[in-house]
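Student: Got a file for you: target-v1.cif, mmCIF, C-alpha atoms.
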```cif
data_protein
loop_
_atom_site.group_PDB
_atom_site.id
_atom_site.type_symbol
_atom_site.label_atom_id
_atom_site.label_comp_id
_atom_site.auth_asym_id
_atom_site.auth_seq_id
_atom_site.Cartn_x
_atom_site.Cartn_y
_atom_site.Cartn_z
ATOM 1 C CA GLU A 1 0.000 0.000 0.000
ATOM 2 C CA PRO A 2 1.355 3.464 -0.872
ATOM 3 C CA GLU A 3 2.796 5.424 2.014
ATOM 4 C CA VAL A 4 3.709 8.960 2.904
ATOM 5 C CA THR A 5 7.456 9.003 3.494
ATOM 6 C CA GLN A 6 9.359 11.531 5.567
ATOM 7 C CA THR A 7 13.068 12.237 5.885
ATOM 8 C CA PRO A 8 15.031 12.441 8.039
ATOM 9 C CA SER A 9 13.480 10.410 10.831
ATOM 10 C CA HIS A 10 15.414 12.405 13.396
ATOM 11 C CA GLN A 11 17.041 15.832 13.074
ATOM 12 C CA VAL A 12 19.114 17.537 15.723
ATOM 13 C CA THR A 13 19.921 21.203 15.213
ATOM 14 C CA GLN A 14 21.186 24.154 17.163
ATOM 15 C CA MET A 15 18.953 27.055 18.055
ATOM 16 C CA GLY A 16 18.920 29.657 15.303
ATOM 17 C CA GLN A 17 19.753 27.225 12.525
ATOM 18 C CA GLU A 18 17.542 26.554 9.523
ATOM 19 C CA VAL A 19 16.042 23.114 8.998
ATOM 20 C CA ILE A 20 14.183 21.576 6.097
ATOM 21 C CA LEU A 21 11.912 18.631 6.695
ATOM 22 C CA ARG A 22 11.061 16.568 3.659
ATOM 23 C CA CYS A 23 8.003 14.592 2.702
ATOM 24 C CA VAL A 24 6.955 12.542 -0.290
ATOM 25 C CA PRO A 25 3.145 12.331 -0.291
ATOM 26 C CA ILE A 26 1.258 9.486 -1.921
ATOM 27 C CA SER A 27 1.553 9.976 -5.644
ATOM 28 C CA ASN A 28 -2.070 10.600 -6.639
ATOM 29 C CA HIS A 29 -2.847 12.780 -3.627
ATOM 30 C CA LEU A 30 -3.551 16.452 -4.098
ATOM 31 C CA TYR A 31 -3.913 17.910 -0.612
ATOM 32 C CA PHE A 32 -0.944 18.113 1.723
ATOM 33 C CA TYR A 33 -0.556 18.993 5.375
ATOM 34 C CA TRP A 34 1.978 19.490 8.111
ATOM 35 C CA TYR A 35 1.068 18.738 11.713
ATOM 36 C CA ARG A 36 3.282 18.650 14.751
ATOM 37 C CA GLN A 37 3.170 16.936 18.132
ATOM 38 C CA ILE A 38 5.145 18.255 21.063
ATOM 39 C CA LEU A 39 6.052 15.437 23.424
ATOM 40 C CA GLY A 40 3.044 14.500 25.539
ATOM 41 C CA GLN A 41 0.753 16.974 23.792
ATOM 42 C CA LYS A 42 -1.961 16.818 21.155
ATOM 43 C CA VAL A 43 -1.270 16.663 17.450
ATOM 44 C CA GLU A 44 -1.601 20.248 16.173
ATOM 45 C CA PHE A 45 -2.285 21.535 12.686
ATOM 46 C CA LEU A 46 0.333 23.759 11.059
ATOM 47 C CA VAL A 47 -0.548 24.257 7.411
ATOM 48 C CA SER A 48 -2.472 22.844 4.476
ATOM 49 C CA PHE A 49 -1.403 23.108 0.846
ATOM 50 C CA TYR A 50 -3.169 22.626 -2.458
ATOM 51 C CA ASN A 51 -2.432 23.611 -6.027
ATOM 52 C CA ASN A 52 0.932 25.064 -5.095
ATOM 53 C CA GLU A 53 -0.360 27.428 -2.476
ATOM 54 C CA ILE A 54 -1.229 27.494 1.178
ATOM 55 C CA SER A 55 -4.908 26.826 1.824
ATOM 56 C CA GLU A 56 -4.945 27.425 5.534
ATOM 57 C CA LYS A 57 -2.440 27.930 8.318
ATOM 58 C CA SER A 58 -2.610 27.994 12.084
ATOM 59 C CA GLU A 59 -1.292 30.667 14.418
ATOM 60 C CA ILE A 60 1.707 28.411 15.031
ATOM 61 C CA PHE A 61 2.735 28.786 11.387
ATOM 62 C CA ASP A 62 4.385 32.193 11.658
ATOM 63 C CA ASP A 63 6.948 33.890 9.418
ATOM 64 C CA GLN A 64 9.636 31.454 10.527
ATOM 65 C CA PHE A 65 7.837 28.647 8.709
ATOM 66 C CA SER A 66 7.415 28.076 5.016
ATOM 67 C CA VAL A 67 6.303 25.227 2.777
ATOM 68 C CA GLU A 68 7.181 24.364 -0.746
ATOM 69 C CA ARG A 69 6.474 21.765 -3.366
ATOM 70 C CA PRO A 70 9.659 22.119 -5.390
ATOM 71 C CA ASP A 71 8.850 19.322 -7.842
ATOM 72 C CA GLY A 72 6.104 16.829 -8.557
ATOM 73 C CA SER A 73 6.870 14.591 -5.621
ATOM 74 C CA ASN A 74 8.425 16.434 -2.666
ATOM 75 C CA PHE A 75 6.699 18.630 -0.097
ATOM 76 C CA THR A 76 8.958 20.465 2.344
ATOM 77 C CA LEU A 77 8.615 22.377 5.589
ATOM 78 C CA LYS A 78 11.318 24.921 6.340
ATOM 79 C CA ILE A 79 11.941 26.515 9.699
ATOM 80 C CA ARG A 80 14.227 29.498 9.163
ATOM 81 C CA SER A 81 15.601 30.088 12.635
ATOM 82 C CA THR A 82 14.771 27.291 15.011
ATOM 83 C CA LYS A 83 13.824 27.877 18.642
ATOM 84 C CA LEU A 84 13.914 25.460 21.540
ATOM 85 C CA GLU A 85 10.120 25.300 21.516
ATOM 86 C CA ASP A 86 10.159 24.027 17.919
ATOM 87 C CA SER A 87 11.316 20.662 19.258
ATOM 88 C CA ALA A 88 8.546 18.244 18.317
ATOM 89 C CA MET A 89 7.559 15.428 16.020
ATOM 90 C CA TYR A 90 6.548 16.854 12.657
ATOM 91 C CA PHE A 91 4.083 14.861 10.584
ATOM 92 C CA CYS A 92 3.337 15.222 6.913
ATOM 93 C CA ALA A 93 -0.057 14.038 5.674
ATOM 94 C CA SER A 94 -1.877 13.812 2.381
ATOM 95 C CA THR A 95 -5.256 12.936 0.969
ATOM 96 C CA ARG A 96 -6.651 12.506 -2.508
ATOM 97 C CA LEU A 97 -9.932 14.266 -2.056
ATOM 98 C CA ARG A 98 -10.698 17.764 -0.851
ATOM 99 C CA ASP A 99 -13.299 16.309 1.472
ATOM 100 C CA SER A 100 -11.610 13.289 2.937
ATOM 101 C CA SER A 101 -13.913 10.326 3.040
ATOM 102 C CA TYR A 102 -13.792 6.689 4.020
ATOM 103 C CA ASN A 103 -12.466 6.139 0.518
ATOM 104 C CA SER A 104 -9.748 8.718 1.004
ATOM 105 C CA PRO A 105 -8.819 9.250 4.628
ATOM 106 C CA LEU A 106 -5.888 11.381 5.712
ATOM 107 C CA HIS A 107 -2.632 9.415 5.451
ATOM 108 C CA PHE A 108 0.256 10.355 7.727
ATOM 109 C CA GLY A 109 3.965 9.738 7.436
ATOM 110 C CA ASN A 110 6.047 8.350 10.301
ATOM 111 C CA GLY A 111 7.231 11.809 11.234
ATOM 112 C CA THR A 112 10.513 13.641 11.740
ATOM 113 C CA ARG A 113 11.596 14.111 15.324
ATOM 114 C CA LEU A 114 13.176 17.565 15.515
ATOM 115 C CA THR A 115 15.369 18.315 18.504
ATOM 116 C CA VAL A 116 16.573 21.884 18.919
ATOM 117 C CA THR A 117 19.445 22.320 21.365
ATOM 118 C CA LYS B 118 -13.622 26.570 19.111
ATOM 119 C CA GLN B 119 -13.817 22.804 18.663
ATOM 120 C CA GLU B 120 -12.302 20.774 21.513
ATOM 121 C CA VAL B 121 -11.837 16.997 21.445
ATOM 122 C CA THR B 122 -11.520 14.982 24.646
ATOM 123 C CA GLN B 123 -10.651 11.335 25.022
ATOM 124 C CA ILE B 124 -11.364 9.261 28.086
ATOM 125 C CA PRO B 125 -9.667 7.376 29.612
ATOM 126 C CA ALA B 126 -6.152 8.716 29.083
ATOM 127 C CA ALA B 127 -4.757 5.226 29.631
ATOM 128 C CA LEU B 128 -6.254 1.765 29.786
ATOM 129 C CA SER B 129 -4.791 -1.636 30.597
ATOM 130 C CA VAL B 130 -6.728 -4.819 29.848
ATOM 131 C CA PRO B 131 -5.995 -8.541 29.718
ATOM 132 C CA GLU B 132 -5.783 -10.188 26.321
ATOM 133 C CA GLY B 133 -9.119 -11.283 24.902
ATOM 134 C CA GLU B 134 -11.236 -8.581 26.480
ATOM 135 C CA ASN B 135 -13.581 -6.406 24.494
ATOM 136 C CA LEU B 136 -13.065 -2.717 25.180
ATOM 137 C CA VAL B 137 -14.443 0.713 24.356
ATOM 138 C CA LEU B 138 -12.537 3.948 23.886
ATOM 139 C CA ASN B 139 -14.432 7.209 24.154
ATOM 140 C CA CYS B 140 -14.150 10.472 22.268
ATOM 141 C CA SER B 141 -16.230 13.606 22.785
ATOM 142 C CA PHE B 142 -16.275 16.876 20.906
ATOM 143 C CA THR B 143 -17.776 20.198 21.892
ATOM 144 C CA ASP B 144 -19.238 21.347 18.567
ATOM 145 C CA SER B 145 -21.566 18.833 16.937
ATOM 146 C CA ALA B 146 -21.288 20.530 13.533
ATOM 147 C CA ILE B 147 -18.573 18.244 12.196
ATOM 148 C CA TYR B 148 -17.935 16.966 8.702
ATOM 149 C CA ASN B 149 -16.316 13.680 9.646
ATOM 150 C CA LEU B 150 -14.460 11.917 12.432
ATOM 151 C CA GLN B 151 -11.393 9.746 12.093
ATOM 152 C CA TRP B 152 -9.775 7.276 14.483
ATOM 153 C CA PHE B 153 -6.019 6.764 14.292
ATOM 154 C CA ARG B 154 -3.530 4.445 15.892
ATOM 155 C CA GLN B 155 -0.097 5.730 16.933
ATOM 156 C CA ASP B 156 2.720 3.401 17.939
ATOM 157 C CA PRO B 157 5.546 4.851 20.075
ATOM 158 C CA GLY B 158 7.805 7.106 18.021
ATOM 159 C CA LYS B 159 5.799 6.396 14.885
ATOM 160 C CA GLY B 160 3.291 8.139 12.686
ATOM 161 C CA LEU B 161 -0.469 7.924 12.691
ATOM 162 C CA THR B 162 -2.251 5.073 10.984
ATOM 163 C CA SER B 163 -5.833 5.710 9.914
ATOM 164 C CA LEU B 164 -8.179 3.061 11.307
ATOM 165 C CA LEU B 165 -11.690 4.243 10.539
ATOM 166 C CA LEU B 166 -13.353 7.359 9.173
ATOM 167 C CA ILE B 167 -17.021 8.134 9.762
ATOM 168 C CA GLN B 168 -18.828 10.756 7.723
ATOM 169 C CA SER B 169 -21.251 12.988 9.642
ATOM 170 C CA SER B 170 -24.186 11.271 7.922
ATOM 171 C CA GLN B 171 -23.070 7.825 9.097
ATOM 172 C CA ARG B 172 -23.645 6.098 12.410
ATOM 173 C CA GLU B 173 -20.819 3.595 12.360
ATOM 174 C CA GLN B 174 -17.959 2.027 10.449
ATOM 175 C CA THR B 175 -16.424 -1.401 10.882
ATOM 176 C CA SER B 176 -13.057 -2.847 9.988
ATOM 177 C CA GLY B 177 -12.225 -6.315 11.238
ATOM 178 C CA ARG B 178 -12.308 -6.305 15.036
ATOM 179 C CA LEU B 179 -12.808 -2.541 15.145
ATOM 180 C CA ASN B 180 -16.119 -0.744 15.187
ATOM 181 C CA ALA B 181 -16.469 3.009 15.457
ATOM 182 C CA SER B 182 -19.777 4.699 16.182
ATOM 183 C CA LEU B 183 -20.783 8.320 15.899
ATOM 184 C CA ASP B 184 -23.543 10.194 17.711
ATOM 185 C CA LYS B 185 -23.143 13.649 16.270
ATOM 186 C CA SER B 186 -25.976 15.268 18.169
ATOM 187 C CA SER B 187 -24.470 14.338 21.521
ATOM 188 C CA GLY B 188 -20.891 14.996 20.366
ATOM 189 C CA ARG B 189 -19.629 11.475 20.978
ATOM 190 C CA SER B 190 -17.831 8.670 19.238
ATOM 191 C CA THR B 191 -16.698 5.307 20.509
ATOM 192 C CA LEU B 192 -14.124 2.870 19.210
ATOM 193 C CA TYR B 193 -14.947 -0.713 20.088
ATOM 194 C CA ILE B 194 -12.155 -3.277 19.928
ATOM 195 C CA ALA B 195 -13.238 -6.889 20.079
ATOM 196 C CA ALA B 196 -11.096 -9.713 21.444
ATOM 197 C CA SER B 197 -8.121 -7.487 22.192
ATOM 198 C CA GLN B 198 -4.588 -8.717 21.444
ATOM 199 C CA PRO B 199 -1.166 -7.567 22.689
ATOM 200 C CA GLY B 200 -0.549 -6.205 19.189
ATOM 201 C CA ASP B 201 -3.383 -3.738 19.755
ATOM 202 C CA SER B 202 -1.243 -1.931 22.340
ATOM 203 C CA ALA B 203 -0.811 1.633 21.086
ATOM 204 C CA THR B 204 -2.213 5.122 21.519
ATOM 205 C CA TYR B 205 -5.573 5.660 19.841
ATOM 206 C CA LEU B 206 -6.354 9.159 18.634
ATOM 207 C CA CYS B 207 -9.701 10.614 17.701
ATOM 208 C CA ALA B 208 -9.837 13.594 15.325
ATOM 209 C CA VAL B 209 -12.721 15.605 13.898
ATOM 210 C CA ARG B 210 -12.865 17.643 10.726
ATOM 211 C CA PRO B 211 -14.995 20.657 11.605
ATOM 212 C CA ASN B 212 -16.138 21.580 8.117
ATOM 213 C CA SER B 213 -16.038 20.306 4.583
ATOM 214 C CA GLY B 214 -13.069 20.938 2.377
ATOM 215 C CA ASN B 215 -9.511 21.429 3.355
ATOM 216 C CA THR B 216 -10.146 22.329 7.000
ATOM 217 C CA PRO B 217 -7.653 20.902 9.471
ATOM 218 C CA LEU B 218 -8.341 18.032 11.817
ATOM 219 C CA VAL B 219 -8.748 18.741 15.514
ATOM 220 C CA PHE B 220 -7.219 15.973 17.605
ATOM 221 C CA GLY B 221 -7.825 14.590 21.043
ATOM 222 C CA LYS B 222 -4.919 13.722 23.270
ATOM 223 C CA GLY B 223 -5.435 10.013 22.809
ATOM 224 C CA THR B 224 -5.985 6.914 24.908
ATOM 225 C CA ARG B 225 -2.901 4.813 25.600
ATOM 226 C CA LEU B 226 -3.967 1.161 25.478
ATOM 227 C CA SER B 227 -1.965 -1.723 26.904
ATOM 228 C CA VAL B 228 -3.177 -5.261 26.263
ATOM 229 C CA ILE B 229 -1.510 -7.699 28.624
ATOM 230 C CA ALA B 230 -0.834 -11.259 27.459
#
```
What's the structure tokens form of this structure?

Tutor:
Amino acid sequence: EPEVTQTPSHQVTQMGQEVILRCVPISNHLYFYWYRQILGQKVEFLVSFYNNEISEKSEIFDDQFSVERPDGSNFTLKIRSTKLEDSAMYFCASTRLRDSSYNSPLHFGNGTRLTVT
Amino acid sequence: KQEVTQIPAALSVPEGENLVLNCSFTDSAIYNLQWFRQDPGKGLTSLLLIQSSQREQTSGRLNASLDKSSGRSTLYIAASQPGDSATYLCAVRPNSGNTPLVFGKGTRLSVIA
């Protein structure tokens, strides 16, 4: 079964450095998302993306964050200047349909654990 | 603002038991509800998705029900196995379209052999 793949699985970076988290959504999916989960907390929405532009973003997704679909397969999340509080598991997700249904639920990758020191 | 609550936070049962996980949401105007499984350090695996017009969905030993008017969903796991040990997350999609999911904090299930 097709999967959403994320790289790297674990990224350690120093405060103030830029990081790029990479995702390859399922090939026929059109809607892409980033969520994050701080240790012990709920999964939180960051941003949704469709047709090469942001559809919606949360208050977490400030000017330090950006997303890009540089080619037909990759979907990236960039954090320009990382802070300690950016340490979390970052999940990429995708779905085929605008209105996810039982035929097209939201599929998540295994996540990238970002540790900012 | 939609809030999703899951009770209990943790549950430990002996192998073979049937069990129910609960999810409640504050705003009944949802588009759909999805149950996920999360293994430690791993991503989220979609288990079942229920549209707002549906009452339940079944997959193998799993059955999810939805009572939209009362803001509740349950995930029923029959004949639990040690391999079912994981955190189970409930998430609602508030509106149609590309709106983000709102997650509960999850129920951590341990099935003891």

Student: What are the closest atom pairs, with distances in Å to one decimal, for all residues of chain A lying within 9 Å of chain B? Consider all atoms listed in the file, order rows by chain and residue number, and present the result as CSV.

Tutor:
```
residue,atom,partner,partner_atom,distance
A:Tyr31,CA,B:Asn215,CA,7.7
A:Tyr33,CA,B:Pro217,CA,8.4
A:Gly40,CA,B:Lys222,CA,8.3
A:Gln41,CA,B:Lys222,CA,6.6
A:Lys42,CA,B:Lys222,CA,4.8
A:Val43,CA,B:Phe220,CA,6.0
A:Glu44,CA,B:Phe220,CA,7.2
A:Phe45,CA,B:Pro217,CA,6.3
A:Leu46,CA,B:Pro217,CA,8.6
A:Val47,CA,B:Pro217,CA,8.1
A:Ser48,CA,B:Asn215,CA,7.3
A:Phe49,CA,B:Asn215,CA,8.7
A:Tyr50,CA,B:Asn215,CA,8.7
A:Ser55,CA,B:Asn215,CA,7.3
A:Glu56,CA,B:Thr216,CA,7.4
A:Lys57,CA,B:Pro217,CA,8.8
A:Met89,CA,B:Gly158,CA,8.6
A:Phe91,CA,B:Gly160,CA,7.1
A:Leu97,CA,B:Gly214,CA,8.6
A:Arg98,CA,B:Gly214,CA,5.1
A:Asp99,CA,B:Gly214,CA,4.7
A:Ser100,CA,B:Gly214,CA,7.8
A:Ser101,CA,B:Gln168,CA,6.8
A:Tyr102,CA,B:Leu166,CA,5.2
A:Asn103,CA,B:Leu166,CA,8.8
A:Pro105,CA,B:Leu166,CA,6.7
A:Leu106,CA,B:Ser163,CA,7.1
A:His107,CA,B:Ser163,CA,6.6
A:Phe108,CA,B:Leu161,CA,5.6
A:Gly109,CA,B:Gly160,CA,5.5
A:Asn110,CA,B:Gly160,CA,3.7
A:Gly111,CA,B:Gly160,CA,5.6
A:Arg113,CA,B:Gly158,CA,8.4
```

Student: With only C-alpha atoms as the counted atoms, please give the residues lying no more than 9 Å from Val130 of chain B, apart from itself and same-chain residues fewer than 2 positions off, as a PyMOL selection string.

Tutor: chain B and resi 128+132-136+197+226-229

Student: Report as a PyMOL selection string the full result of the PyMOL selection byres ((chain A and resi 112) around 12) when it is applied to this structure.

Tutor: (chain A and resi 5-12+19-23+34-38+76-77+87-92+108-111+113-115) or (chain B and resi 158-160)

Student: So what does the PyMOL selection byres ((chain B and resi 175) around 12) actually pick up in this one, as a PyMOL selection string?

Tutor: (chain A and resi 102) or (chain B and resi 152+164-167+171-174+176-183+191-195)

Student: Excluding same-chain residues fewer than 5 positions from Gly188 of chain B, what lies within 8 Å of it counting all atoms listed in the file, as a list in words?

Tutor: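 The residues satisfying every condition are Ser141, Phe142, Thr143, Asp144 and Ser145 of chain B.
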
Student: Pull C-alpha atoms from the residues just selected and write them as a compact mmCIF listing (two decimals), keeping the file's coordinate frame.

Tutor:
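In the end it all went to result29.txt:
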```txt
# COMPACT_ATOMS: atom_id res chain seq x y z
CA SER B 141 -16.23 13.61 22.78
CA PHE B 142 -16.27 16.88 20.91
CA THR B 143 -17.78 20.20 21.89
CA ASP B 144 -19.24 21.35 18.57
CA SER B 145 -21.57 18.83 16.94
```

Student: Distance atom CA of Glu1 of chain A-atom CA of Ile26 of chain A, one decimal place?

Tutor: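 These atoms are spaced 9.8 Å apart.
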
Student: What does the distance between atom CA of Gln14 of chain A and atom CA of Pro157 of chain B come to in Å, to one decimal place?

Tutor: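 A separation of 25.0 Å between them.
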
Student: Which distance in Å separates atom CA of Glu59 of chain A and atom CA of Thr117 of chain A, to one decimal?

Tutor: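 According to the coordinates, atom CA of Glu59 of chain A and atom CA of Thr117 of chain A are separated by 23.4 Å.
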
Student: Could you pull out every residue with an atom within 6 Å of (-13.3, 9.4, 24.5), file coordinates, counting only C-alpha atoms, and send them as an NGL selection string?

Tutor: :B and (122-124 or 138-141)

Student: Could you check which of B:Arg189, B:Ser169, B:Gly200, B:Ser129 is closest to Thr224 of chain B, using all atoms listed in the file?

Tutor: B:Ser129

Student: B:Arg154, B:Asp201, B:Ile147, B:Arg225: which is nearest Glu120 of chain B, counting all atoms listed in the file?

Tutor: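 Of all the options, B:Ile147 lies closest to Glu120 of chain B.
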
Student: Excluding Ser81 of chain A and residues on its chain fewer than 2 positions from it, collect all residues at most 12 Å away from it, counting all atoms listed in the file, and give them as a PyMOL selection string.

Tutor: chain A and resi 13-20+62-66+78-79+83-86+116

Student: Enclose all atoms of segment 171-180 of chain B listed in the file in an axis-aligned box, grow every side by 8 Å, and hand back centre and edge lengths in Å to one decimal, as AutoDock Vina command-line options.

Tutor:
```
--center_x -17.9 --center_y 0.8 --center_z 12.1 --size_x 27.4 --size_y 30.1 --size_z 22.1
```
